[in-house]
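Structure below is run.cif: mmCIF, C-alpha atoms.
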```
data_query
loop_
_atom_site.label_atom_id
_atom_site.label_comp_id
_atom_site.auth_asym_id
_atom_site.auth_seq_id
_atom_site.Cartn_x
_atom_site.Cartn_y
_atom_site.Cartn_z
CA MET A 1 -18.57 66.88 -144.51
CA VAL A 2 -19.29 65.72 -140.97
CA GLU A 3 -17.57 67.77 -138.30
CA GLU A 4 -15.87 66.22 -135.28
CA LEU A 5 -17.03 67.75 -132.01
CA THR A 6 -14.64 68.47 -129.18
CA GLN A 7 -15.31 68.93 -125.49
CA GLU A 8 -14.82 72.67 -125.91
CA ASP A 9 -17.33 73.27 -128.68
CA PHE A 10 -19.89 70.52 -127.99
CA ASP A 11 -22.48 72.59 -126.12
CA GLU A 12 -22.26 75.61 -128.39
CA LYS A 13 -22.64 73.64 -131.61
CA THR A 14 -25.46 71.39 -130.48
CA LYS A 15 -27.72 73.91 -128.74
CA GLN A 16 -29.78 74.87 -131.79
CA GLY A 17 -31.41 73.17 -134.74
CA LYS A 18 -31.87 69.55 -135.71
CA VAL A 19 -28.67 67.82 -134.71
CA VAL A 20 -27.65 64.23 -135.41
CA LEU A 21 -24.76 62.92 -133.31
CA ASP A 22 -22.75 59.78 -134.08
CA PHE A 23 -21.00 58.57 -130.91
CA TYR A 24 -18.16 56.29 -132.00
CA ALA A 25 -14.67 55.00 -131.29
CA ASP A 26 -11.85 53.94 -133.58
CA TRP A 27 -11.68 50.44 -132.10
CA CYS A 28 -15.31 49.68 -132.95
CA GLY A 29 -15.94 47.78 -136.22
CA PRO A 30 -19.64 48.64 -136.59
CA CYS A 31 -18.73 52.33 -136.03
CA GLN A 32 -16.53 52.19 -139.13
CA ILE A 33 -19.52 50.89 -141.09
CA VAL A 34 -21.67 53.80 -139.93
CA LYS A 35 -19.06 56.41 -140.88
CA PRO A 36 -19.56 56.47 -144.69
CA VAL A 37 -23.33 56.12 -144.30
CA PHE A 38 -23.40 59.11 -141.97
CA GLU A 39 -21.21 61.09 -144.34
CA LYS A 40 -23.45 60.34 -147.32
CA VAL A 41 -26.71 61.14 -145.54
CA SER A 42 -25.24 64.39 -144.17
CA LYS A 43 -24.71 65.60 -147.74
CA GLU A 44 -28.30 64.81 -148.69
CA LEU A 45 -30.21 66.18 -145.69
CA ASN A 46 -29.31 69.86 -145.43
CA GLU A 47 -31.92 70.66 -142.83
CA CYS A 48 -29.97 68.70 -140.20
CA ILE A 49 -26.51 69.23 -138.75
CA PHE A 50 -24.38 66.10 -138.43
CA PHE A 51 -21.53 65.65 -135.95
CA ARG A 52 -19.28 62.78 -134.93
CA VAL A 53 -18.27 62.39 -131.29
CA ASP A 54 -15.26 60.27 -130.39
CA VAL A 55 -16.16 58.78 -127.00
CA GLU A 56 -12.49 58.42 -126.05
CA LYS A 57 -11.80 62.12 -126.52
CA ASN A 58 -15.19 63.28 -125.26
CA ARG A 59 -15.77 61.15 -122.19
CA GLU A 60 -17.62 63.90 -120.38
CA GLN A 61 -20.19 64.18 -123.17
CA ALA A 62 -20.45 60.40 -123.49
CA ASN A 63 -21.20 60.18 -119.75
CA ALA A 64 -23.60 63.13 -119.87
CA TYR A 65 -25.60 61.37 -122.56
CA ALA A 66 -25.28 57.97 -120.82
CA VAL A 67 -23.58 56.45 -123.84
CA ARG A 68 -22.20 53.04 -122.98
CA SER A 69 -22.74 51.32 -126.26
CA ILE A 70 -21.40 52.31 -129.64
CA PRO A 71 -22.31 53.20 -132.24
CA THR A 72 -25.06 55.29 -130.69
CA ILE A 73 -26.83 57.89 -132.79
CA ILE A 74 -28.58 60.64 -130.85
CA PHE A 75 -31.07 63.10 -132.30
CA LEU A 76 -31.27 66.57 -130.68
CA LYS A 77 -33.72 69.37 -131.33
CA ASP A 78 -32.56 72.74 -129.99
CA GLY A 79 -30.22 71.02 -127.60
CA LYS A 80 -32.71 68.48 -126.22
CA GLU A 81 -32.58 64.76 -126.98
CA VAL A 82 -35.64 63.55 -128.88
CA SER A 83 -34.53 59.99 -129.57
CA ARG A 84 -31.56 57.71 -130.03
CA TYR A 85 -30.60 54.54 -131.85
CA LEU A 86 -28.11 51.89 -130.75
CA GLY A 87 -26.11 50.06 -133.40
CA ALA A 88 -25.18 50.35 -137.07
CA LEU A 89 -27.85 50.99 -139.66
CA PRO A 90 -27.95 51.38 -143.43
CA GLU A 91 -28.66 54.61 -145.28
CA ASP A 92 -32.42 54.22 -145.77
CA ALA A 93 -32.92 53.25 -142.13
CA LEU A 94 -30.91 56.26 -140.93
CA LYS A 95 -32.98 58.59 -143.11
CA GLU A 96 -36.15 57.03 -141.75
CA LYS A 97 -34.97 57.47 -138.14
CA ILE A 98 -34.17 61.12 -138.85
CA LYS A 99 -37.60 61.64 -140.36
CA GLN A 100 -39.32 59.97 -137.38
CA SER A 101 -37.25 61.90 -134.83
CA PHE A 102 -37.80 65.39 -136.20
CA ASN A 103 -41.44 65.22 -137.30
CA MET B 104 -31.35 42.73 -165.33
CA TYR B 105 -28.60 41.11 -163.24
CA ASP B 106 -27.30 37.59 -163.63
CA THR B 107 -27.24 37.25 -159.88
CA ILE B 108 -28.24 39.31 -156.88
CA ILE B 109 -26.48 38.39 -153.66
CA ILE B 110 -28.32 39.38 -150.51
CA GLY B 111 -25.85 39.75 -147.66
CA GLY B 112 -22.46 41.40 -147.35
CA GLY B 113 -20.53 39.11 -145.00
CA PHE B 114 -18.16 36.19 -145.56
CA ALA B 115 -20.58 34.22 -147.73
CA GLY B 116 -22.00 37.09 -149.76
CA LEU B 117 -18.72 38.79 -150.59
CA SER B 118 -16.94 35.51 -151.38
CA ALA B 119 -19.81 34.66 -153.72
CA ALA B 120 -19.44 38.09 -155.36
CA ILE B 121 -15.72 37.57 -155.97
CA TYR B 122 -16.51 34.38 -157.86
CA THR B 123 -19.62 35.48 -159.73
CA THR B 124 -17.83 38.55 -161.08
CA ARG B 125 -14.88 36.44 -162.17
CA TYR B 126 -17.39 34.15 -163.90
CA ASP B 127 -18.45 37.29 -165.77
CA LEU B 128 -21.88 37.31 -164.20
CA LYS B 129 -23.42 40.76 -163.78
CA THR B 130 -23.52 40.91 -159.99
CA LEU B 131 -25.27 43.08 -157.45
CA VAL B 132 -24.66 42.70 -153.72
CA LEU B 133 -27.28 44.13 -151.38
CA ALA B 134 -26.15 44.34 -147.77
CA GLN B 135 -27.97 45.75 -144.80
CA GLU B 136 -24.68 45.95 -142.94
CA MET B 137 -21.42 45.63 -144.87
CA GLY B 138 -19.24 42.95 -143.45
CA GLY B 139 -21.97 41.21 -141.52
CA ALA B 140 -21.75 39.94 -137.97
CA ILE B 141 -17.99 39.42 -138.01
CA THR B 142 -17.34 43.16 -137.91
CA ASP B 143 -18.02 42.91 -134.17
CA SER B 144 -14.87 40.88 -133.78
CA ALA B 145 -11.64 42.59 -132.79
CA GLY B 146 -9.29 39.77 -133.56
CA ILE B 147 -9.85 36.78 -135.82
CA GLU B 148 -7.06 34.26 -135.48
CA ASN B 149 -8.47 31.26 -137.31
CA TYR B 150 -9.19 32.59 -140.79
CA PRO B 151 -6.49 30.95 -142.94
CA GLY B 152 -3.80 33.38 -144.03
CA TYR B 153 -4.17 35.77 -141.08
CA LYS B 154 -2.67 35.27 -137.65
CA ASN B 155 -4.79 38.11 -136.29
CA ILE B 156 -7.04 40.55 -138.09
CA SER B 157 -10.12 42.50 -137.08
CA GLY B 158 -13.44 41.46 -138.56
CA TYR B 159 -13.90 44.91 -140.07
CA ASP B 160 -10.48 44.91 -141.75
CA LEU B 161 -10.95 41.40 -143.16
CA MET B 162 -14.35 42.19 -144.59
CA LYS B 163 -13.04 45.42 -146.07
CA LYS B 164 -10.52 43.32 -147.99
CA PHE B 165 -13.30 41.03 -149.21
CA GLU B 166 -15.37 44.05 -150.27
CA ASP B 167 -12.46 45.72 -152.07
CA GLN B 168 -11.67 42.49 -153.89
CA ALA B 169 -15.28 41.99 -154.99
CA ARG B 170 -15.49 45.59 -156.22
CA SER B 171 -12.19 45.24 -158.07
CA PHE B 172 -13.72 42.50 -160.20
CA GLY B 173 -16.79 44.57 -160.95
CA ALA B 174 -19.32 43.72 -158.26
CA GLU B 175 -21.89 46.41 -157.70
CA ILE B 176 -22.41 46.72 -153.94
CA ASN B 177 -25.22 48.71 -152.33
CA THR B 178 -26.36 48.97 -148.74
CA GLY B 179 -29.98 48.88 -147.74
CA LYS B 180 -32.71 46.62 -146.43
CA VAL B 181 -34.39 44.14 -148.74
CA LEU B 182 -38.10 44.14 -148.10
CA LYS B 183 -39.53 41.73 -150.61
CA LEU B 184 -38.46 38.85 -152.85
CA GLU B 185 -40.66 37.63 -155.64
CA LYS B 186 -40.29 34.99 -158.33
CA LYS B 187 -41.70 36.17 -161.66
CA GLY B 188 -41.49 33.37 -164.18
CA LYS B 189 -37.79 32.62 -164.61
CA THR B 190 -36.54 35.79 -162.93
CA PHE B 191 -36.61 37.29 -159.47
CA LYS B 192 -37.64 40.72 -158.31
CA VAL B 193 -36.00 42.28 -155.27
CA ARG B 194 -37.64 45.27 -153.64
CA MET B 195 -35.84 47.46 -151.13
CA SER B 196 -37.32 49.18 -148.09
CA ASP B 197 -36.76 52.39 -150.03
CA GLN B 198 -39.77 51.72 -152.27
CA GLU B 199 -38.28 53.40 -155.30
CA LYS B 200 -35.60 50.78 -155.62
CA GLU B 201 -36.39 47.48 -157.26
CA TYR B 202 -34.04 45.08 -159.00
CA GLU B 203 -34.44 42.04 -161.22
CA SER B 204 -32.17 39.04 -161.54
CA MET B 205 -31.82 35.62 -163.15
CA SER B 206 -30.71 34.10 -159.84
CA LEU B 207 -30.43 34.86 -156.17
CA ILE B 208 -27.83 33.96 -153.59
CA LEU B 209 -29.16 34.34 -150.07
CA ALA B 210 -26.26 35.02 -147.73
CA LEU B 211 -28.46 36.41 -145.00
CA GLY B 212 -26.40 35.45 -141.99
CA THR B 213 -27.73 35.36 -138.49
CA GLU B 214 -28.74 37.77 -135.80
CA ARG B 215 -27.60 37.56 -132.23
CA ARG B 216 -29.81 35.69 -129.85
CA LYS B 217 -30.99 38.16 -127.24
CA LEU B 218 -31.15 37.38 -123.55
CA LYS B 219 -34.78 36.94 -122.63
CA ALA B 220 -34.47 37.44 -118.87
CA PRO B 221 -36.46 40.28 -117.26
CA GLY B 222 -34.47 43.50 -117.41
CA ALA B 223 -32.31 42.46 -120.36
CA GLU B 224 -34.19 44.54 -122.90
CA LYS B 225 -34.60 47.50 -120.55
CA TYR B 226 -30.86 47.68 -119.93
CA GLU B 227 -29.69 47.07 -123.47
CA GLY B 228 -26.95 49.64 -124.03
CA LYS B 229 -27.05 50.53 -120.35
CA GLY B 230 -25.13 47.57 -119.04
CA VAL B 231 -26.37 44.77 -121.28
CA HIS B 232 -24.25 44.50 -124.41
CA TYR B 233 -23.87 42.27 -127.42
CA CYS B 234 -20.52 43.51 -128.72
CA ALA B 235 -17.47 43.43 -126.45
CA THR B 236 -15.30 45.02 -129.11
CA CYS B 237 -17.63 47.98 -129.38
CA ASP B 238 -18.49 48.50 -125.73
CA GLY B 239 -15.83 46.80 -123.63
CA ALA B 240 -13.78 49.96 -123.18
CA PHE B 241 -16.59 51.57 -121.18
CA TYR B 242 -15.84 49.03 -118.46
CA ARG B 243 -12.17 49.76 -117.72
CA ASP B 244 -11.42 48.78 -114.13
CA LYS B 245 -14.99 47.63 -113.56
CA THR B 246 -16.61 44.22 -112.99
CA VAL B 247 -18.33 42.51 -115.89
CA ALA B 248 -19.83 39.18 -116.80
CA VAL B 249 -19.85 37.28 -120.08
CA MET B 250 -22.76 34.94 -120.65
CA GLY B 251 -21.93 32.01 -122.91
CA GLY B 252 -19.32 29.38 -123.61
CA SER B 253 -18.61 29.60 -127.34
CA ASN B 254 -15.60 30.92 -129.24
CA ALA B 255 -17.32 34.30 -129.36
CA ALA B 256 -17.81 34.22 -125.58
CA ALA B 257 -14.17 33.24 -125.12
CA HIS B 258 -12.92 36.07 -127.33
CA SER B 259 -15.11 38.56 -125.49
CA THR B 260 -13.80 37.24 -122.17
CA LEU B 261 -10.18 37.60 -123.22
CA LEU B 262 -10.74 41.11 -124.56
CA LEU B 263 -12.59 42.19 -121.42
CA SER B 264 -9.97 40.64 -119.14
CA ARG B 265 -7.50 43.20 -120.50
CA LEU B 266 -9.85 46.07 -119.66
CA ALA B 267 -12.00 45.16 -116.68
CA LYS B 268 -10.92 44.59 -113.10
CA LYS B 269 -12.88 41.32 -112.95
CA VAL B 270 -14.65 39.12 -115.48
CA TYR B 271 -17.14 36.40 -114.61
CA VAL B 272 -18.02 33.89 -117.29
CA ILE B 273 -21.47 32.47 -116.69
CA TYR B 274 -22.20 29.32 -118.67
CA ARG B 275 -25.09 26.88 -118.54
CA ARG B 276 -22.99 23.78 -119.19
CA GLN B 277 -20.18 22.21 -117.18
CA LYS B 278 -17.44 22.98 -119.67
CA MET B 279 -16.89 25.83 -122.14
CA ARG B 280 -17.27 24.63 -125.72
CA CYS B 281 -14.79 27.08 -127.20
CA GLU B 282 -11.54 26.03 -128.90
CA PRO B 283 -9.15 24.50 -126.33
CA ILE B 284 -6.52 27.12 -127.13
CA LEU B 285 -8.93 29.86 -126.05
CA HIS B 286 -9.97 27.98 -122.94
CA ASP B 287 -6.32 27.59 -121.94
CA ARG B 288 -5.78 31.33 -122.31
CA ILE B 289 -8.82 32.05 -120.16
CA GLU B 290 -7.60 29.69 -117.45
CA GLN B 291 -4.39 31.66 -117.18
CA LYS B 292 -6.16 34.95 -116.60
CA LYS B 293 -6.07 35.84 -112.91
CA ASN B 294 -9.04 38.18 -113.14
CA VAL B 295 -11.40 35.72 -114.84
CA GLU B 296 -13.68 33.38 -112.92
CA ILE B 297 -15.92 30.84 -114.67
CA ILE B 298 -19.26 29.94 -113.13
CA TYR B 299 -20.53 26.71 -114.69
CA ASN B 300 -23.98 25.10 -114.80
CA THR B 301 -25.59 28.48 -114.22
CA ASN B 302 -27.97 30.81 -116.02
CA ILE B 303 -28.90 34.46 -115.58
CA ILE B 304 -32.58 34.84 -114.78
CA ARG B 305 -32.86 38.59 -114.16
CA VAL B 306 -30.94 41.78 -114.85
CA GLU B 307 -31.28 44.55 -112.30
CA GLY B 308 -30.05 48.04 -111.70
CA ASP B 309 -30.93 51.69 -111.46
CA LYS B 310 -29.90 53.94 -114.33
CA PHE B 311 -27.42 51.24 -115.38
CA VAL B 312 -27.00 47.56 -114.60
CA SER B 313 -25.76 46.85 -111.09
CA GLN B 314 -26.39 43.13 -110.65
CA VAL B 315 -27.78 39.95 -112.15
CA GLU B 316 -29.76 37.19 -110.50
CA LEU B 317 -28.54 33.64 -111.08
CA ASP B 318 -30.63 30.49 -111.15
CA LYS B 319 -28.47 28.93 -108.45
CA GLU B 320 -26.30 30.22 -105.67
CA TYR B 321 -22.70 31.13 -106.28
CA GLN B 322 -20.58 31.44 -103.18
CA GLY B 323 -23.73 31.56 -101.09
CA LYS B 324 -25.54 34.23 -103.11
CA LYS B 325 -27.92 34.29 -106.03
CA LYS B 326 -27.16 37.90 -106.90
CA LEU B 327 -23.90 38.80 -108.61
CA MET B 328 -22.81 42.42 -108.50
CA ILE B 329 -21.58 43.56 -111.91
CA ASP B 330 -21.35 46.78 -113.89
CA GLY B 331 -21.89 45.22 -117.30
CA LEU B 332 -23.07 42.03 -118.95
CA PHE B 333 -21.88 40.86 -122.34
CA VAL B 334 -24.20 38.33 -123.90
CA GLU B 335 -22.80 35.70 -126.23
CA ILE B 336 -25.50 33.03 -126.37
CA GLY B 337 -25.51 32.19 -130.01
CA SER B 338 -27.45 33.41 -133.01
CA ILE B 339 -30.58 32.82 -135.03
CA PRO B 340 -30.56 32.40 -138.84
CA ASN B 341 -32.09 35.37 -140.70
CA SER B 342 -34.24 33.18 -142.93
CA GLU B 343 -37.45 35.25 -142.99
CA LEU B 344 -36.88 36.63 -146.50
CA ALA B 345 -36.43 33.11 -147.86
CA LYS B 346 -39.96 32.24 -146.74
CA GLN B 347 -41.33 34.75 -149.25
CA LEU B 348 -39.99 32.50 -152.01
CA LYS B 349 -41.27 29.39 -150.23
CA ALA B 350 -37.72 28.11 -149.79
CA ARG B 351 -37.51 25.17 -147.43
CA ILE B 352 -36.64 26.20 -143.88
CA ASN B 353 -36.02 23.64 -141.15
CA ASP B 354 -37.04 23.68 -137.48
CA MET B 355 -33.90 25.60 -136.55
CA LYS B 356 -34.88 28.37 -138.99
CA GLU B 357 -32.02 27.43 -141.35
CA ILE B 358 -32.45 27.58 -145.11
CA VAL B 359 -32.03 23.99 -146.29
CA VAL B 360 -29.45 23.62 -149.08
CA ASP B 361 -27.83 20.65 -150.79
CA LYS B 362 -24.12 20.22 -151.47
CA HIS B 363 -24.40 22.65 -154.39
CA CYS B 364 -25.88 25.27 -152.05
CA SER B 365 -29.14 25.02 -154.00
CA THR B 366 -32.43 25.54 -152.22
CA ASN B 367 -35.62 23.79 -153.31
CA ILE B 368 -36.44 26.81 -155.52
CA PRO B 369 -34.71 26.71 -158.94
CA GLY B 370 -32.44 29.71 -159.30
CA VAL B 371 -32.25 30.37 -155.56
CA PHE B 372 -29.07 29.48 -153.73
CA ALA B 373 -28.09 30.10 -150.13
CA ALA B 374 -24.76 30.22 -148.34
CA GLY B 375 -23.20 30.80 -144.96
CA ASP B 376 -24.59 30.89 -141.46
CA VAL B 377 -28.22 31.15 -142.60
CA THR B 378 -28.06 27.63 -144.05
CA ASN B 379 -28.09 24.14 -142.57
CA THR B 380 -24.31 24.24 -142.48
CA VAL B 381 -22.43 21.86 -140.18
CA LEU B 382 -20.10 24.58 -138.95
CA ARG B 383 -20.61 28.33 -138.57
CA GLN B 384 -17.22 29.82 -139.23
CA GLY B 385 -15.98 32.48 -141.63
CA VAL B 386 -14.01 30.04 -143.74
CA THR B 387 -16.96 27.66 -144.18
CA ALA B 388 -19.28 30.55 -145.00
CA ALA B 389 -16.79 31.78 -147.60
CA ALA B 390 -16.59 28.28 -149.08
CA GLN B 391 -20.36 28.04 -149.33
CA GLY B 392 -20.46 31.45 -150.98
CA VAL B 393 -18.12 30.15 -153.66
CA ILE B 394 -20.13 26.96 -154.16
CA ALA B 395 -23.34 29.00 -154.47
CA ALA B 396 -21.64 31.32 -156.96
CA THR B 397 -20.50 28.37 -159.04
CA SER B 398 -23.94 26.80 -158.96
CA ALA B 399 -25.48 30.09 -160.10
CA TYR B 400 -22.93 30.26 -162.92
CA GLN B 401 -23.70 26.70 -164.00
CA LEU B 402 -27.41 27.42 -164.01
CA ILE B 403 -27.10 30.58 -166.04
CA THR B 404 -24.68 29.13 -168.56
CA ASN B 405 -26.26 25.66 -168.50
CA ARG B 406 -22.93 24.03 -167.75
CA PRO B 407 -23.28 20.82 -165.73
CA ASN B 408 -19.74 20.78 -164.34
CA ILE B 409 -17.32 23.68 -164.41
CA ASN B 410 -14.37 21.34 -163.80
#
```
Mind turning this structure into structure tokens?
Amino acid sequence: MVEELTQEDFDEKTKQGKVVLDFYADWCGPCQIVKPVFEKVSKELNECIFFRVDVEKNREQANAYAVRSIPTIIFLKDGKEVSRYLGALPEDALKEKIKQSFN
Amino acid sequence: MYDTIIIGGGFAGLSAAIYTTRYDLKTLVLAQEMGGAITDSAGIENYPGYKNISGYDLMKKFEDQARSFGAEINTGKVLKLEKKGKTFKVRMSDQEKEYESMSLILALGTERRKLKAPGAEKYEGKGVHYCATCDGAFYRDKTVAVMGGSNAAAHSTLLLSRLAKKVYVIYRRQKMRCEPILHDRIEQKKNVEIIYNTNIIRVEGDKFVSQVELDKEYQGKKKLMIDGLFVEIGSIPNSELAKQLKARINDMKEIVVDKHCSTNIPGVFAAGDVTNTVLRQGVTAAAQGVIAATSAYQLITNRPNIN
């Protein structure tokens, strides 16, 4: 299950560990494609923590991370960004990006 | 062993799957991105049967219909295609996955043509965008430009005109080539200005885009101050995989098919925007998908004419 982050708990929940963030919005078609892929991969890769961030409800975080294109997937290690990917991607590509980002 | 493997999950691929499954062909659809390019579109008005529907919602219906008839649909990237005697092997980028089939339907679609001007790649996602539906909302009350003159450019312009303070359309020709109904709507928008016979030659900014340089002056200046640029300059057929099978590709990178959607390789069919189609629209891609499906069925069952 992928948790939705809010403005209130964003910093606390992303400050430690290997975090994968899916910045999305409901109006975005490609974001809807990413959603089930993200969900599936989150169940398979237990070493990472997966969150979804609605850019409409979390504008401050979207601005802080300079997100102006969605979907954007951002990889954090102990609160620091290590890489990001713009656009939708299939399951094997997402797993590969995670592997590249955290190795 | 499958009767047919369809590579591509857009209009052509999913339409083909609806027909191949109804023909009782064991069908696998492999899609890198379910729905294909049309999922970028917020509102399709010209697909018969729907006055207005989002690309994502329409493709979801296609997918659900294909699954309901028994299509197996997986997402992933196809890495290699190989002809082995009378069958075909399909290898995924996940090396453990390999499939075999009696026939292939290549519904590979296209990818967006990227702007090649200096700065365009640097600012991708930071002011240079290729999906107005996805990213338009970041530009509420700001100034944006749309590059292009097609239906896609027109739709992006109309969507952005509802969000942005000002929209410039920058087009290299002297008249937009979109449907007249869309052009009429654009003309009525008070916050849209069309700049004809002009190209963008540079994208500039700091952390984000702040201006573009034009190849000729507009109102006395070659620099246009904008917050975002939405690029709609066409697309390129994704025909690379077809080359592995030595399918005939023309100078425009399209897979060449005949009226049966057959390529020059027996057992390999192609459909949709990746082909030498006369018109790249959802409805024509869907039609080609069906023709390819029928041709695959005829090949497998050795029937010369299903009618």
Where does chain A meet chain B within 10 Å, residue by residue, with the nearest atom pair and distance in Å to one decimal for each, counting only C-alpha atoms, listed by chain and rising number, as JSON lines?
```
{"residue": "A:Tyr24", "atom": "CA", "partner": "B:Cys237", "partner_atom": "CA", "distance": 8.7}
{"residue": "A:Ala25", "atom": "CA", "partner": "B:Cys237", "partner_atom": "CA", "distance": 7.9}
{"residue": "A:Asp26", "atom": "CA", "partner": "B:Cys237", "partner_atom": "CA", "distance": 9.3}
{"residue": "A:Trp27", "atom": "CA", "partner": "B:Cys237", "partner_atom": "CA", "distance": 7.0}
{"residue": "A:Cys28", "atom": "CA", "partner": "B:Cys237", "partner_atom": "CA", "distance": 4.6}
{"residue": "A:Gly29", "atom": "CA", "partner": "B:Thr142", "partner_atom": "CA", "distance": 5.1}
{"residue": "A:Pro30", "atom": "CA", "partner": "B:Thr142", "partner_atom": "CA", "distance": 6.1}
{"residue": "A:Cys31", "atom": "CA", "partner": "B:Cys237", "partner_atom": "CA", "distance": 8.0}
{"residue": "A:Gln32", "atom": "CA", "partner": "B:Tyr159", "partner_atom": "CA", "distance": 7.8}
{"residue": "A:Ile33", "atom": "CA", "partner": "B:Met137", "partner_atom": "CA", "distance": 6.8}
{"residue": "A:Val34", "atom": "CA", "partner": "B:Glu136", "partner_atom": "CA", "distance": 8.9}
{"residue": "A:Val37", "atom": "CA", "partner": "B:Thr178", "partner_atom": "CA", "distance": 8.9}
{"residue": "A:Val55", "atom": "CA", "partner": "B:Phe241", "partner_atom": "CA", "distance": 9.3}
{"residue": "A:Glu56", "atom": "CA", "partner": "B:Ala240", "partner_atom": "CA", "distance": 9.0}
{"residue": "A:Arg59", "atom": "CA", "partner": "B:Phe241", "partner_atom": "CA", "distance": 9.7}
{"residue": "A:Ala62", "atom": "CA", "partner": "B:Phe241", "partner_atom": "CA", "distance": 9.9}
{"residue": "A:Asn63", "atom": "CA", "partner": "B:Phe241", "partner_atom": "CA", "distance": 9.9}
{"residue": "A:Ala66", "atom": "CA", "partner": "B:Lys229", "partner_atom": "CA", "distance": 7.7}
{"residue": "A:Val67", "atom": "CA", "partner": "B:Gly228", "partner_atom": "CA", "distance": 7.6}
{"residue": "A:Arg68", "atom": "CA", "partner": "B:Gly228", "partner_atom": "CA", "distance": 5.9}
{"residue": "A:Ser69", "atom": "CA", "partner": "B:Gly228", "partner_atom": "CA", "distance": 5.1}
{"residue": "A:Ile70", "atom": "CA", "partner": "B:Cys237", "partner_atom": "CA", "distance": 5.7}
{"residue": "A:Pro71", "atom": "CA", "partner": "B:Cys237", "partner_atom": "CA", "distance": 7.6}
{"residue": "A:Thr72", "atom": "CA", "partner": "B:Gly228", "partner_atom": "CA", "distance": 8.9}
{"residue": "A:Tyr85", "atom": "CA", "partner": "B:Gly228", "partner_atom": "CA", "distance": 9.9}
{"residue": "A:Leu86", "atom": "CA", "partner": "B:Gly228", "partner_atom": "CA", "distance": 7.2}
{"residue": "A:Gly87", "atom": "CA", "partner": "B:Gly228", "partner_atom": "CA", "distance": 9.4}
{"residue": "A:Ala88", "atom": "CA", "partner": "B:Glu136", "partner_atom": "CA", "distance": 7.4}
{"residue": "A:Leu89", "atom": "CA", "partner": "B:Glu136", "partner_atom": "CA", "distance": 6.8}
{"residue": "A:Pro90", "atom": "CA", "partner": "B:Gly179", "partner_atom": "CA", "distance": 5.4}
{"residue": "A:Glu91", "atom": "CA", "partner": "B:Gly179", "partner_atom": "CA", "distance": 6.4}
{"residue": "A:Asp92", "atom": "CA", "partner": "B:Gly179", "partner_atom": "CA", "distance": 6.2}
{"residue": "A:Ala93", "atom": "CA", "partner": "B:Gly179", "partner_atom": "CA", "distance": 7.7}
{"residue": "A:Glu96", "atom": "CA", "partner": "B:Asp197", "partner_atom": "CA", "distance": 9.5}
```
> Taking only C-alpha atoms into account, which of B:His258, B:Arg275, B:Lys292, B:Arg216 comes nearest Pro340 of chain B?
Replying inline: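 Of B:His258, B:Arg275, B:Lys292, B:Arg216, the one nearest Pro340 of chain B is B:Arg216, counting only C-alpha atoms.
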>> What would the selection look like, as a PyMOL selection string, if the PyMOL selection byres ((chain B and resi 208) around 8) were run on the coordinates I just shared?
In response: chain B and resi 107-110+116+206-207+209-210+371-374+395-396+399
> What does the distance from atom CA of Leu131 of chain B to atom CA of Gly146 of chain B come to in Å, to one decimal?
Replying inline: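 Atom CA of Leu131 of chain B sits 28.9 Å away from atom CA of Gly146 of chain B.
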> Expanded to explicit residues, what is the PyMOL selection byres ((chain B and resi 294) around 9) for this file, as a PyMOL selection string?
Replying inline: chain B and resi 264+267-271+291-293+295-296
Just say which residues the PyMOL selection byres ((chain A and resi 45-54) around 8) picks in this file, as a PDB file with C-alpha atoms, in the coordinates of the input.
```pdb
ATOM      1  CA  VAL A   2     -19.290  65.720-140.970  1.00  0.00           C
ATOM      2  CA  GLU A   3     -17.570  67.770-138.300  1.00  0.00           C
ATOM      3  CA  GLU A   4     -15.870  66.220-135.280  1.00  0.00           C
ATOM      4  CA  LEU A   5     -17.030  67.750-132.010  1.00  0.00           C
ATOM      5  CA  THR A   6     -14.640  68.470-129.180  1.00  0.00           C
ATOM      6  CA  GLY A  17     -31.410  73.170-134.740  1.00  0.00           C
ATOM      7  CA  LYS A  18     -31.870  69.550-135.710  1.00  0.00           C
ATOM      8  CA  VAL A  19     -28.670  67.820-134.710  1.00  0.00           C
ATOM      9  CA  VAL A  20     -27.650  64.230-135.410  1.00  0.00           C
ATOM     10  CA  LEU A  21     -24.760  62.920-133.310  1.00  0.00           C
ATOM     11  CA  ASP A  22     -22.750  59.780-134.080  1.00  0.00           C
ATOM     12  CA  PHE A  23     -21.000  58.570-130.910  1.00  0.00           C
ATOM     13  CA  TYR A  24     -18.160  56.290-132.000  1.00  0.00           C
ATOM     14  CA  ALA A  25     -14.670  55.000-131.290  1.00  0.00           C
ATOM     15  CA  ASP A  26     -11.850  53.940-133.580  1.00  0.00           C
ATOM     16  CA  PHE A  38     -23.400  59.110-141.970  1.00  0.00           C
ATOM     17  CA  VAL A  41     -26.710  61.140-145.540  1.00  0.00           C
ATOM     18  CA  SER A  42     -25.240  64.390-144.170  1.00  0.00           C
ATOM     19  CA  LYS A  43     -24.710  65.600-147.740  1.00  0.00           C
ATOM     20  CA  GLU A  44     -28.300  64.810-148.690  1.00  0.00           C
ATOM     21  CA  VAL A  55     -16.160  58.780-127.000  1.00  0.00           C
ATOM     22  CA  GLU A  56     -12.490  58.420-126.050  1.00  0.00           C
ATOM     23  CA  LYS A  57     -11.800  62.120-126.520  1.00  0.00           C
ATOM     24  CA  ASN A  58     -15.190  63.280-125.260  1.00  0.00           C
TER      25      ASN A  58
END
```
>> When you look at Ile352 of chain B with a cut-off of 12 Å (counting only C-alpha atoms), what residues show up, excluding the ones that are within fewer than 3 positions of it in the same chain? I need them as a PyMOL selection string.
In response: chain B and resi 340-349+355-360+366-368+373+377-379
